[in-house]
>>> print(open('data.tsv').read())   # TSV, C-alpha atoms
chain	number	residue	atom	x	y	z
U	88	MET	CA	-45.90	21.46	-85.97
U	89	SER	CA	-44.75	18.15	-87.38
U	90	GLU	CA	-44.59	15.20	-85.03
U	91	THR	CA	-41.42	13.17	-85.34
U	92	VAL	CA	-41.27	9.39	-85.00
U	93	ALA	CA	-38.90	9.67	-82.06
U	94	GLY	CA	-41.32	12.08	-80.41
U	95	THR	CA	-44.20	9.63	-80.68
U	96	LYS	CA	-42.05	7.05	-78.93
U	97	THR	CA	-41.38	9.52	-76.12
U	98	ILE	CA	-45.11	9.99	-75.62
U	99	ARG	CA	-45.75	6.25	-75.49
U	100	ARG	CA	-42.93	5.77	-73.00
U	101	ARG	CA	-44.18	8.54	-70.77
U	102	GLU	CA	-47.66	7.02	-70.71
U	103	THR	CA	-46.45	3.53	-69.88
U	104	GLY	CA	-44.19	4.89	-67.15
U	105	HIS	CA	-46.34	3.45	-64.38
U	106	GLU	CA	-45.40	-0.10	-65.41
U	107	ARG	CA	-41.72	0.44	-64.72
U	108	PRO	CA	-40.37	-1.98	-62.09
U	109	TYR	CA	-38.95	0.57	-59.64
U	110	VAL	CA	-39.85	-1.40	-56.52
U	111	LEU	CA	-38.39	-4.65	-57.89
U	112	VAL	CA	-35.14	-2.84	-58.77
U	113	VAL	CA	-34.71	-1.37	-55.27
U	114	LEU	CA	-35.35	-4.81	-53.74
U	115	ILE	CA	-32.70	-6.41	-55.98
U	116	LEU	CA	-30.22	-3.60	-55.17
U	117	GLY	CA	-30.83	-4.07	-51.46
U	118	ALA	CA	-30.55	-7.86	-51.66
U	119	ILE	CA	-27.26	-7.78	-53.58
U	120	THR	CA	-25.80	-5.24	-51.13
U	121	ALA	CA	-26.92	-7.31	-48.14
U	122	GLY	CA	-25.38	-10.42	-49.73
U	123	GLU	CA	-22.09	-8.63	-50.31
U	124	ILE	CA	-21.84	-7.45	-46.72
U	125	LEU	CA	-23.02	-10.68	-45.12
U	126	PHE	CA	-21.18	-13.28	-47.17
U	127	PHE	CA	-18.31	-11.64	-49.06
U	128	THR	CA	-16.64	-9.39	-46.49
U	129	PRO	CA	-14.86	-10.24	-43.24
U	130	VAL	CA	-17.34	-8.43	-41.01
U	131	ASP	CA	-18.69	-10.21	-37.95
U	132	ILE	CA	-22.40	-10.13	-38.71
U	133	VAL	CA	-22.93	-13.77	-39.70
U	134	PRO	CA	-20.86	-16.73	-38.42
U	135	GLU	CA	-17.68	-17.27	-40.35
U	136	GLN	CA	-18.67	-20.67	-41.79
U	137	PHE	CA	-21.52	-19.01	-43.73
U	138	ARG	CA	-19.20	-16.58	-45.47
U	139	ILE	CA	-18.22	-17.55	-49.00
U	140	LEU	CA	-15.08	-15.52	-48.44
U	141	GLY	CA	-12.91	-18.42	-47.31
U	142	LEU	CA	-13.73	-20.51	-50.37
U	143	LEU	CA	-12.56	-17.85	-52.79
U	144	SER	CA	-9.12	-16.59	-53.62
U	145	SER	CA	-8.55	-12.88	-53.09
U	146	THR	CA	-8.77	-12.24	-56.84
U	147	GLN	CA	-12.02	-14.22	-57.16
U	148	ARG	CA	-13.54	-12.29	-54.28
U	149	VAL	CA	-12.57	-8.93	-55.80
U	150	LEU	CA	-13.93	-9.96	-59.19
U	151	ALA	CA	-17.20	-11.18	-57.62
U	152	LEU	CA	-17.67	-7.94	-55.66
U	153	MET	CA	-16.85	-5.79	-58.71
U	154	GLY	CA	-19.31	-7.87	-60.72
U	155	PHE	CA	-22.03	-7.23	-58.13
U	156	ALA	CA	-21.24	-3.51	-58.21
U	157	ALA	CA	-21.44	-3.49	-62.01
U	158	VAL	CA	-24.84	-5.24	-61.93
U	159	LYS	CA	-26.15	-2.75	-59.35
U	160	ALA	CA	-24.83	0.26	-61.27
U	161	GLY	CA	-26.31	-1.16	-64.47
U	162	LEU	CA	-29.73	-1.53	-62.83
U	163	VAL	CA	-29.69	2.05	-61.53
U	164	ALA	CA	-28.60	3.40	-64.94
U	165	ALA	CA	-31.09	1.29	-66.92
U	166	TYR	CA	-34.19	1.80	-64.77
U	167	TYR	CA	-33.74	4.80	-62.48
U	168	MET	CA	-31.85	6.88	-65.02
U	169	HIS	CA	-34.24	5.57	-67.71
U	170	LEU	CA	-31.44	4.62	-70.09
U	171	LYS	CA	-33.41	1.51	-71.04
U	172	TYR	CA	-36.16	3.78	-72.34
U	173	GLU	CA	-33.98	6.48	-73.94
U	174	SER	CA	-33.07	6.89	-77.58
U	175	LYS	CA	-29.82	5.29	-78.74
U	176	TRP	CA	-28.08	8.67	-79.04
U	177	ILE	CA	-28.56	9.38	-75.33
U	178	LYS	CA	-27.33	5.85	-74.56
U	179	ILE	CA	-24.11	6.49	-76.47
U	180	ILE	CA	-23.14	9.51	-74.30
U	181	PRO	CA	-22.42	7.53	-71.08
U	182	ILE	CA	-20.93	4.63	-73.03
U	183	LEU	CA	-18.11	6.81	-74.44
U	184	PRO	CA	-16.45	7.57	-71.06
U	185	LEU	CA	-16.94	3.92	-70.09
U	186	LEU	CA	-14.52	3.01	-72.89
U	187	GLY	CA	-11.98	5.18	-71.08
U	188	VAL	CA	-12.83	3.44	-67.80
U	189	LEU	CA	-12.23	0.07	-69.47
U	190	ALA	CA	-8.85	1.20	-70.80
U	191	LEU	CA	-7.86	2.44	-67.35
U	192	VAL	CA	-8.96	-0.75	-65.58
U	193	LEU	CA	-7.07	-2.90	-68.08
U	194	SER	CA	-3.94	-0.75	-67.74
U	195	VAL	CA	-4.01	-1.16	-63.95
U	196	ALA	CA	-4.91	-4.85	-64.06
U	197	PHE	CA	-2.09	-5.87	-66.40
U	198	ARG	CA	0.72	-3.90	-64.90
C	215	MET	CA	-46.12	15.43	-75.45
C	216	ALA	CA	-45.38	19.02	-76.40
C	217	GLU	CA	-41.73	18.01	-76.22
C	218	ALA	CA	-42.03	16.28	-79.55
C	219	SER	CA	-44.79	18.15	-81.29
C	220	THR	CA	-43.17	21.57	-81.00
C	221	ALA	CA	-39.66	20.33	-81.70
C	222	GLN	CA	-39.45	22.02	-85.09
C	223	GLY	CA	-41.22	25.16	-83.98
C	224	SER	CA	-39.09	25.78	-80.93
C	225	ILE	CA	-35.83	25.51	-82.86
C	226	ALA	CA	-37.05	28.29	-85.11
C	227	GLY	CA	-38.38	30.23	-82.11
C	228	ALA	CA	-35.17	29.84	-80.11
C	229	GLU	CA	-33.44	32.46	-82.23
C	230	GLU	CA	-36.05	35.07	-81.45
C	231	VAL	CA	-36.55	34.53	-77.71
C	232	HIS	CA	-33.97	35.84	-75.26
C	233	HIS	CA	-33.24	32.99	-72.85
C	234	SER	CA	-29.83	33.76	-71.46
C	235	SER	CA	-28.80	33.95	-67.82
C	236	ILE	CA	-25.58	35.47	-66.50
C	237	TRP	CA	-25.30	32.98	-63.61
C	238	PRO	CA	-23.89	29.93	-65.44
C	239	PHE	CA	-21.10	32.22	-66.64
C	240	VAL	CA	-20.51	33.43	-63.07
C	241	ILE	CA	-20.28	29.80	-61.90
C	242	ALA	CA	-17.82	29.00	-64.71
C	243	MET	CA	-15.71	31.98	-63.62
C	244	ALA	CA	-15.88	30.69	-60.03
C	245	ALA	CA	-14.49	27.34	-61.22
C	246	LEU	CA	-11.72	29.19	-63.08
C	247	PHE	CA	-10.69	31.15	-59.95
C	248	GLY	CA	-11.13	28.08	-57.73
C	249	PHE	CA	-8.73	25.94	-59.77
C	250	ALA	CA	-6.35	28.79	-60.59
C	251	GLY	CA	-5.99	29.37	-56.85
C	252	VAL	CA	-4.81	25.79	-56.37
C	253	VAL	CA	-1.89	26.62	-58.66
C	254	PHE	CA	-1.15	30.23	-57.66
C	255	ASN	CA	-2.58	31.28	-54.31
C	256	LEU	CA	-5.26	29.72	-52.13
C	257	LEU	CA	-6.77	33.18	-51.52
C	258	ILE	CA	-7.81	33.14	-55.18
C	259	SER	CA	-9.50	29.78	-54.47
C	260	VAL	CA	-11.39	31.31	-51.55
C	261	PHE	CA	-12.59	34.05	-53.89
C	262	GLY	CA	-13.68	31.37	-56.38
C	263	PHE	CA	-15.53	29.50	-53.64
C	264	VAL	CA	-17.41	32.66	-52.60
C	265	LEU	CA	-18.16	33.43	-56.24
C	266	LEU	CA	-19.49	29.88	-56.67
C	267	TRP	CA	-22.11	30.44	-53.98
C	268	VAL	CA	-22.98	33.87	-55.36
C	269	GLY	CA	-23.51	32.21	-58.75
C	270	VAL	CA	-25.53	29.29	-57.41
C	271	GLY	CA	-27.64	31.59	-55.22
C	272	GLY	CA	-28.23	34.04	-58.04
C	273	TRP	CA	-29.24	31.27	-60.41
C	274	LEU	CA	-31.63	29.70	-57.90
C	275	LEU	CA	-33.22	33.07	-57.11
C	276	GLN	CA	-33.61	33.79	-60.80
C	277	ASP	CA	-35.29	30.43	-61.37
C	278	ARG	CA	-37.46	30.97	-58.32
C	279	HIS	CA	-38.72	34.45	-59.15
C	280	MET	CA	-38.26	34.99	-62.86
C	281	ARG	CA	-39.01	33.30	-66.11
C	282	PHE	CA	-35.98	32.71	-68.28
C	283	GLY	CA	-38.10	33.30	-71.33
C	284	ALA	CA	-36.74	30.06	-72.72
C	285	PRO	CA	-38.57	28.27	-75.50
C	286	ASP	CA	-40.85	25.66	-73.96
C	287	GLU	CA	-39.19	22.57	-75.39
C	288	PRO	CA	-35.87	23.41	-77.00
C	289	THR	CA	-34.23	20.52	-78.80
C	290	GLU	CA	-31.01	20.01	-80.66
C	291	SER	CA	-30.55	19.14	-84.29
C	292	PHE	CA	-29.62	15.63	-85.55
C	293	PRO	CA	-28.83	13.22	-83.92
C	294	PHE	CA	-30.47	14.61	-80.79
C	295	THR	CA	-33.81	15.56	-82.31
C	296	ALA	CA	-36.78	15.33	-79.94
C	297	ILE	CA	-34.40	15.19	-76.95
C	298	SER	CA	-34.61	18.10	-74.55
C	299	ILE	CA	-31.50	20.25	-74.80
C	300	ARG	CA	-31.32	20.36	-70.99
C	301	LYS	CA	-31.43	16.58	-70.69
C	302	LEU	CA	-28.74	16.31	-73.35
C	303	GLY	CA	-26.68	18.83	-71.40
C	304	ILE	CA	-26.99	16.95	-68.12
C	305	TRP	CA	-26.03	13.66	-69.79
C	306	ILE	CA	-22.88	15.22	-71.24
C	307	PHE	CA	-22.15	16.63	-67.78
C	308	LEU	CA	-22.68	13.17	-66.23
C	309	ALA	CA	-20.30	11.68	-68.81
C	310	SER	CA	-17.66	14.17	-67.63
C	311	GLU	CA	-18.45	13.16	-64.02
C	312	VAL	CA	-17.81	9.51	-64.91
C	313	MET	CA	-14.38	10.50	-66.22
C	314	PHE	CA	-13.68	12.63	-63.14
C	315	PHE	CA	-14.47	9.84	-60.68
C	316	THR	CA	-12.71	7.26	-62.84
C	317	ALA	CA	-9.55	9.35	-62.55
C	318	LEU	CA	-9.86	9.52	-58.75
C	319	ILE	CA	-10.81	5.87	-58.23
C	320	GLY	CA	-8.34	4.60	-60.83
C	321	ASN	CA	-5.53	6.60	-59.30
C	322	SER	CA	-6.33	5.38	-55.79
C	323	PHE	CA	-6.64	1.80	-56.98
C	324	ALA	CA	-3.31	1.98	-58.80
C	325	LEU	CA	-1.65	3.35	-55.62
C	326	ARG	CA	-3.13	0.49	-53.64
C	327	VAL	CA	-1.97	-2.13	-56.14
C	328	ARG	CA	1.53	-0.64	-56.04
C	329	SER	CA	1.44	-0.60	-52.26
C	330	GLU	CA	0.52	-4.29	-52.11
C	331	THR	CA	2.92	-5.48	-54.80
C	332	LEU	CA	5.78	-3.58	-53.13
C	333	GLY	CA	5.02	-5.41	-49.89
C	334	ILE	CA	3.93	-2.27	-48.04
C	335	GLY	CA	0.48	-3.77	-47.58
C	336	TRP	CA	-2.96	-2.19	-47.23
C	337	ALA	CA	-5.80	-2.11	-44.73
C	338	ALA	CA	-7.90	-5.28	-44.68
C	339	PRO	CA	-11.65	-4.72	-45.17
C	340	GLY	CA	-13.08	-3.44	-41.88
C	341	GLN	CA	-9.67	-2.97	-40.27
C	342	VAL	CA	-9.84	0.83	-40.29
C	343	LEU	CA	-13.23	1.67	-41.78
C	344	ASN	CA	-16.63	0.98	-40.23
C	345	VAL	CA	-18.21	-1.40	-42.76
C	346	PRO	CA	-21.59	-2.02	-41.00
C	347	LEU	CA	-22.21	1.73	-40.52
C	348	THR	CA	-21.31	2.47	-44.12
C	349	ALA	CA	-23.49	-0.43	-45.24
C	350	ILE	CA	-26.42	1.35	-43.59
C	351	ASN	CA	-25.40	4.48	-45.49
C	352	THR	CA	-25.35	2.48	-48.71
C	353	PHE	CA	-28.91	1.27	-48.09
C	354	ILE	CA	-29.92	4.88	-47.38
C	355	LEU	CA	-28.48	6.09	-50.68
C	356	ILE	CA	-30.10	3.24	-52.62
C	357	ALA	CA	-33.45	4.00	-50.95
C	358	SER	CA	-33.03	7.69	-51.85
C	359	SER	CA	-32.54	6.73	-55.50
C	360	PHE	CA	-35.81	4.82	-55.31
C	361	THR	CA	-37.72	7.74	-53.71
C	362	MET	CA	-36.19	10.08	-56.31
C	363	VAL	CA	-37.46	8.05	-59.24
C	364	GLU	CA	-40.86	7.71	-57.54
C	365	ALA	CA	-40.94	11.51	-57.17
C	366	LEU	CA	-40.42	11.84	-60.91
C	367	ARG	CA	-43.20	9.35	-61.59
C	368	ALA	CA	-45.53	11.26	-59.23
C	369	ALA	CA	-44.64	14.48	-61.09
C	370	GLU	CA	-45.39	12.83	-64.45
C	371	ARG	CA	-48.80	11.81	-63.13
C	372	GLY	CA	-49.43	15.21	-61.59
C	373	ASN	CA	-49.81	13.65	-58.14
C	374	GLN	CA	-48.78	16.62	-55.99
C	375	SER	CA	-48.99	15.00	-52.54
C	376	GLN	CA	-46.85	12.00	-53.60
C	377	LEU	CA	-44.41	14.32	-55.34
C	378	LYS	CA	-43.91	16.37	-52.17
C	379	MET	CA	-43.63	13.26	-50.00
C	380	PHE	CA	-41.06	11.51	-52.21
C	381	LEU	CA	-38.98	14.65	-52.78
C	382	LEU	CA	-38.91	15.38	-49.06
C	383	ALA	CA	-37.95	11.74	-48.36
C	384	THR	CA	-35.11	11.92	-50.91
C	385	PHE	CA	-33.88	15.18	-49.40
C	386	LEU	CA	-33.95	13.75	-45.87
C	387	LEU	CA	-32.25	10.47	-46.88
C	388	GLY	CA	-29.53	12.45	-48.64
C	389	ALA	CA	-29.06	14.66	-45.58
C	390	ILE	CA	-28.83	11.58	-43.33
C	391	PHE	CA	-26.18	10.11	-45.65
C	392	VAL	CA	-24.08	13.27	-45.34
C	393	GLY	CA	-24.65	13.30	-41.57
C	394	ILE	CA	-23.46	9.70	-41.15
C	395	GLN	CA	-20.44	10.43	-43.34
C	396	ALA	CA	-19.60	13.48	-41.23
C	397	TYR	CA	-19.84	11.28	-38.11
C	398	GLU	CA	-17.54	8.70	-39.70
C	399	TYR	CA	-15.06	11.38	-40.79
C	400	ASN	CA	-15.01	12.75	-37.26
C	401	LYS	CA	-14.29	9.27	-35.84
C	402	LEU	CA	-11.57	8.52	-38.37
C	403	PHE	CA	-9.90	11.93	-38.20
C	404	PHE	CA	-9.86	12.41	-34.45
C	405	GLY	CA	-10.40	8.87	-33.14
C	406	GLU	CA	-8.06	6.97	-35.48
C	407	GLY	CA	-5.73	9.78	-36.52
C	408	LEU	CA	-6.44	9.13	-40.22
C	409	ARG	CA	-5.44	12.22	-42.19
C	410	PRO	CA	-5.76	13.12	-45.88
C	411	TRP	CA	-2.10	14.18	-45.78
C	412	GLY	CA	-0.81	11.02	-44.10
C	413	VAL	CA	-0.11	11.11	-40.39
C	414	ASP	CA	0.56	14.08	-38.10
C	415	SER	CA	3.03	12.34	-35.83
C	416	ALA	CA	4.05	8.84	-34.82
C	417	GLN	CA	3.36	9.79	-31.18
C	418	LEU	CA	-0.23	10.77	-31.95
C	419	TYR	CA	-0.78	7.51	-33.85
C	420	ALA	CA	0.73	5.49	-31.03
C	421	SER	CA	-1.42	7.24	-28.42
C	422	LEU	CA	-4.57	6.40	-30.41
C	423	HIS	CA	-3.55	2.80	-31.20
C	424	ASN	CA	-2.19	1.31	-27.95
C	425	GLY	CA	1.40	2.30	-28.64
C	426	GLU	CA	1.61	0.67	-32.08
C	427	SER	CA	3.83	2.17	-34.75
C	428	VAL	CA	2.34	3.66	-37.91
C	429	PRO	CA	1.85	1.12	-40.72
C	430	LEU	CA	3.64	2.13	-43.92
C	431	TRP	CA	0.38	2.07	-45.90
C	432	TRP	CA	-1.38	4.46	-43.47
C	433	HIS	CA	-0.35	7.65	-45.33
C	434	THR	CA	-1.49	6.57	-48.79
C	435	PHE	CA	-4.59	4.91	-47.37
C	436	GLY	CA	-5.68	8.16	-45.69
C	437	THR	CA	-5.10	10.20	-48.83
C	438	THR	CA	-6.99	7.84	-51.15
C	439	PHE	CA	-9.83	7.38	-48.64
C	440	PHE	CA	-10.47	11.09	-48.10
C	441	VAL	CA	-10.02	12.03	-51.75
C	442	GLN	CA	-12.48	9.40	-53.01
C	443	THR	CA	-15.16	9.66	-50.34
C	444	GLY	CA	-14.65	13.43	-49.92
C	445	PHE	CA	-15.32	14.28	-53.53
C	446	HIS	CA	-18.28	11.93	-53.49
C	447	GLY	CA	-19.59	13.47	-50.26
C	448	ALA	CA	-19.25	16.94	-51.81
C	449	HIS	CA	-21.34	15.72	-54.73
C	450	VAL	CA	-23.98	14.32	-52.36
C	451	THR	CA	-24.00	17.63	-50.48
C	452	GLY	CA	-24.54	19.50	-53.74
C	453	GLY	CA	-27.34	17.07	-54.58
C	454	VAL	CA	-28.96	17.62	-51.16
C	455	ILE	CA	-28.90	21.39	-51.75
C	456	ALA	CA	-30.51	20.88	-55.17
C	457	LEU	CA	-33.09	18.54	-53.60
C	458	GLY	CA	-33.85	21.14	-50.95
C	459	PHE	CA	-34.56	23.60	-53.74
C	460	LEU	CA	-36.79	21.09	-55.59
C	461	THR	CA	-38.66	20.21	-52.40
C	462	GLY	CA	-39.27	23.86	-51.57
C	463	LYS	CA	-40.52	24.55	-55.08
C	464	ALA	CA	-42.74	21.45	-55.03
C	465	PHE	CA	-44.33	22.53	-51.74
C	466	LYS	CA	-45.20	25.84	-53.39
C	467	GLY	CA	-46.81	23.96	-56.28
C	468	GLY	CA	-43.99	24.72	-58.70
C	469	TYR	CA	-44.26	21.49	-60.69
C	470	THR	CA	-47.06	20.24	-62.91
C	471	ALA	CA	-47.58	17.09	-64.95
C	472	LYS	CA	-46.40	19.05	-68.00
C	473	ASP	CA	-43.59	21.08	-66.44
C	474	HIS	CA	-41.25	19.10	-64.16
C	475	GLU	CA	-38.00	18.77	-66.08
C	476	GLY	CA	-35.98	20.05	-63.12
C	477	ILE	CA	-36.95	16.94	-61.15
C	478	GLU	CA	-35.81	14.67	-63.98
C	479	LEU	CA	-32.47	16.48	-64.36
C	480	VAL	CA	-31.61	16.61	-60.64
C	481	GLY	CA	-32.79	12.98	-60.48
C	482	LEU	CA	-30.30	11.93	-63.17
C	483	TYR	CA	-27.49	13.63	-61.22
C	484	TRP	CA	-28.68	12.03	-57.96
C	485	HIS	CA	-28.70	8.55	-59.51
C	486	LEU	CA	-25.19	9.07	-60.87
C	487	VAL	CA	-24.02	9.97	-57.36
C	488	ASP	CA	-25.63	6.68	-56.26
C	489	VAL	CA	-23.86	4.75	-59.04
C	490	VAL	CA	-20.51	6.28	-58.02
C	491	TRP	CA	-21.17	5.28	-54.40
C	492	ILE	CA	-21.99	1.70	-55.44
C	493	PHE	CA	-18.47	1.42	-56.87
C	494	LEU	CA	-16.82	3.40	-54.08
C	495	PHE	CA	-18.43	1.29	-51.37
C	496	THR	CA	-17.13	-1.87	-53.04
C	497	ILE	CA	-13.66	-0.54	-53.82
C	498	VAL	CA	-12.97	1.47	-50.65
C	499	TYR	CA	-14.82	-0.57	-48.03
C	500	LEU	CA	-15.40	-4.17	-49.20
C	501	VAL	CA	-12.41	-5.11	-51.34
>>> encode(input="data.tsv", output="C-alpha cells")
Amino acid sequence: MSETVAGTKTIRRRETGHERPYVLVVLILGAITAGEILFFTPVDIVPEQFRILGLLSSTQRVLALMGFAAVKAGLVAAYYMHLKYESKWIKIIPILPLLGVLALVLSVAFR
Amino acid sequence: MAEASTAQGSIAGAEEVHHSSIWPFVIAMAALFGFAGVVFNLLISVFGFVLLWVGVGGWLLQDRHMRFGAPDEPTESFPFTAISIRKLGIWIFLASEVMFFTALIGNSFALRVRSETLGIGWAAPGQVLNVPLTAINTFILIASSFTMVEALRAAERGNQSQLKMFLLATFLLGAIFVGIQAYEYNKLFFGEGLRPWGVDSAQLYASLHNGESVPLWWHTFGTTFFVQTGFHGAHVTGGVIALGFLTGKAFKGGYTAKDHEGIELVGLYWHLVDVVWIFLFTIVYLV
C-alpha cells in the first residue's frame, strides 16, 4: 500500500497529540466566561462599580460579549475539535456555512 | 497509522465488502414522517418519533453485537484523500447543524431587534432568566468538552482506565447540564408563566407577578427562548445518550488505541453542541 504525504502528516500529528494544550484552553474558556458574567452583565455577584458595563454603550457591550463568544468558540473548534491540526479540506467544510452566518448577521445588523 | 497506509487498498476493497446497514435509512424515514406530520397530522409525527427510536436502537444494537463488515479505513477520493469517510461525514453533518442553529438564533435575534426598534422592548439580562445558575451550566458544558477531548487522548494512547474515567465524567456532566436545564424550564414554565406559545392568560401572569400586566415582549421572548434553548437541549440530550453508549462500550473494553473512531466522532458532535451553547448563552442570557 502506498503511503500518501497527507497520511504521514496524520501519523505525526497523532503521535504529538500529548503536547496539545487542552488544560490551558479550558482555563482560558473558564476565565473568559467568568469575566463575562462578573464584569459585563448586570448580575449582582460583584459590586456595581467593578462592572465595566456602565462605561460601555449597549452596542459596545453587545459587541464585546459577541467577541468573547467568538474567541471561545474559535478555541473549542481549533483545539478540541482539532481543526488546527486537520487538513485544509476539512477546515473548509465548517467555513462554508460560516459565510452564510456572516451574511445573516450583516442583514440583521444593517436593517 | 493504518488510516493512511491502507488508503488506496481500502478504496479498492470497499467495492467488494458488504458494509451496509438498514438503520440509517430507517432513521431518515423517521425524519421524513416526523416533519411530514408537522405539516399534515401530528399523529404522523408521533409515528416518526417512535420510528426514530426504533432506528437508533437498532443501529446501536447492531454496532454493539455485529460487525458491519466495513473496510477498516475507508477514505474518499480527492480532495479528501487520507481523511476517514466517517469523519468527513460528521463534519458535513456539523456544517448543516451550524446552518440549522444559525437559522434559529438569527430568527430570534431579528425578532428581538424588531421588538426593540418598535418600542415593544425586551427582557433585560437577568430580568426573567437565572443568569448565575445558567453560568454554572456553562462551566459544566465547557468542562465536559475538556473531559471529552481528554477521553479521546486517553483512547489514542490506549489508556483504558483514563478513557473510562473521562468518558464517564463527560456523560455525567452532560446529564447534569440537562438536569439543570430541566429545573430551569420547570421554574420558568410554572413559576414565571413563560410559555413557548406566549402567555396562557393575563390572570395567570398577574397571579405569578404580583398583579402586574403582561409585558408586550413576553410572548415573543418565550417563543424565542424555548425554541433556541429547547433545540439545543435536545441536542445535548442526544449527545448524552451517545455518550452513555460510548461509556458502556468503553467499560466493556470496546475501544483500543487503534480502533476508537466512535469517540472522535461523538466528540466532534459534543464540541459543536458546546460551541452552540457558547453563542446561545451570550445571546439569550447575557446580551
>>> residues_around(input="data.tsv", residues="Gly335 (chain C)", least_positions_apart="2", cutoff="12 Å", atoms="only C-alpha atoms", output="ChimeraX atom specification")
/C:325-333,337-338,429-435
>>> closest_residue(input="data.tsv", among="U:Ile182, U:Ala151, U:Ala160, U:Leu111", to="chain C", atoms="all atoms listed in the file")
U:Ala160
>>> atom_distance(input="data.tsv", atom1="CA of Leu170 (chain U)", atom2="CA of Ser375 (chain C)")
26.9 Å
>>> residues_near_point(input="data.tsv", point="(-26.2, 9.1, -73.2)", cutoff="12 Å", atoms="all atoms listed in the file", output="MDAnalysis selection string")
(chainID U and resid 164:165 168:185) or (chainID C and resid 293:294 297 301:310 312 482)
>>> write_last_selection(input="data.tsv", atoms="C-alpha atoms", output="tab-separated table (two decimals), keeping the file's coordinate frame")
chain	number	residue	atom	x	y	z
U	164	ALA	CA	-28.60	3.40	-64.94
U	165	ALA	CA	-31.09	1.29	-66.92
U	168	MET	CA	-31.85	6.88	-65.02
U	169	HIS	CA	-34.24	5.57	-67.71
U	170	LEU	CA	-31.44	4.62	-70.09
U	171	LYS	CA	-33.41	1.51	-71.04
U	172	TYR	CA	-36.16	3.78	-72.34
U	173	GLU	CA	-33.98	6.48	-73.94
U	174	SER	CA	-33.07	6.89	-77.58
U	175	LYS	CA	-29.82	5.29	-78.74
U	176	TRP	CA	-28.08	8.67	-79.04
U	177	ILE	CA	-28.56	9.38	-75.33
U	178	LYS	CA	-27.33	5.85	-74.56
U	179	ILE	CA	-24.11	6.49	-76.47
U	180	ILE	CA	-23.14	9.51	-74.30
U	181	PRO	CA	-22.42	7.53	-71.08
U	182	ILE	CA	-20.93	4.63	-73.03
U	183	LEU	CA	-18.11	6.81	-74.44
U	184	PRO	CA	-16.45	7.57	-71.06
U	185	LEU	CA	-16.94	3.92	-70.09
C	293	PRO	CA	-28.83	13.22	-83.92
C	294	PHE	CA	-30.47	14.61	-80.79
C	297	ILE	CA	-34.40	15.19	-76.95
C	301	LYS	CA	-31.43	16.58	-70.69
C	302	LEU	CA	-28.74	16.31	-73.35
C	303	GLY	CA	-26.68	18.83	-71.40
C	304	ILE	CA	-26.99	16.95	-68.12
C	305	TRP	CA	-26.03	13.66	-69.79
C	306	ILE	CA	-22.88	15.22	-71.24
C	307	PHE	CA	-22.15	16.63	-67.78
C	308	LEU	CA	-22.68	13.17	-66.23
C	309	ALA	CA	-20.30	11.68	-68.81
C	310	SER	CA	-17.66	14.17	-67.63
C	312	VAL	CA	-17.81	9.51	-64.91
C	482	LEU	CA	-30.30	11.93	-63.17
>>> residues_around(input="data.tsv", residues="region 123-125 of chain U", least_positions_apart="3", cutoff="12 Å", atoms="only C-alpha atoms", output="PyMOL selection string")
(chain U and resi 116-120+128-140+148-149+151-156+159) or (chain C and resi 339-340+344-350+352-353+492+495-496+499-501)
>>> residues_around(input="data.tsv", residues="region 378-391 of chain C", least_positions_apart="4", cutoff="6 Å", atoms="all atoms listed in the file", output="compact mmCIF listing (two decimals) with C-alpha atoms, in the frame of the given file")
# COMPACT_ATOMS: atom_id res chain seq x y z
CA ASN C 351 -25.40 4.48 -45.49
CA SER C 358 -33.03 7.69 -51.85
CA THR C 361 -37.72 7.74 -53.71
CA MET C 362 -36.19 10.08 -56.31
CA ALA C 365 -40.94 11.51 -57.17
CA VAL C 454 -28.96 17.62 -51.16
CA LEU C 457 -33.09 18.54 -53.60
CA THR C 461 -38.66 20.21 -52.40
CA ALA C 464 -42.74 21.45 -55.03
>>> atom_distance(input="data.tsv", atom1="CA of Trp237 (chain C)", atom2="CA of Leu377 (chain C)")
28.0 Å
>>> residues_around(input="data.tsv", residues="Trp411 (chain C)", least_positions_apart="2", cutoff="8 Å", atoms="all atoms listed in the file", output="ChimeraX atom specification")
/C:409,413,433,436-437
>>> residues_around(input="data.tsv", residues="Val195 (chain U)", least_positions_apart="2", cutoff="9 Å", atoms="only C-alpha atoms", output="PyMOL selection string")
(chain U and resi 190-193+197-198) or (chain C and resi 320+323-324+327)
>>> atom_distance(input="data.tsv", atom1="CA of Arg278 (chain C)", atom2="CA of Tyr469 (chain C)")
11.9 Å
>>> axis_aligned_box(input="data.tsv", around="region 141-157 of chain U", padding_each_side="5 Å", output="lines of an AutoDock Vina configuration file")
center_x = -15.3
center_y = -12.0
center_z = -54.7
size_x = 23.5
size_y = 27.0
size_z = 24.7
>>> closest_residue(input="data.tsv", among="U:Leu162, U:Ser194, U:Tyr167, U:Leu186", to="Arg367 (chain C)", atoms="only C-alpha atoms")
U:Tyr167
>>> closest_residue(input="data.tsv", among="C:Phe292, C:Phe247, C:Phe360, C:Phe440", to="Tyr109 (chain U)", atoms="all atoms listed in the file")
C:Phe360
>>> closest_residue(input="data.tsv", among="U:Ser144, U:Leu189, U:Arg107, U:Val113", to="chain C", atoms="only C-alpha atoms")
U:Val113
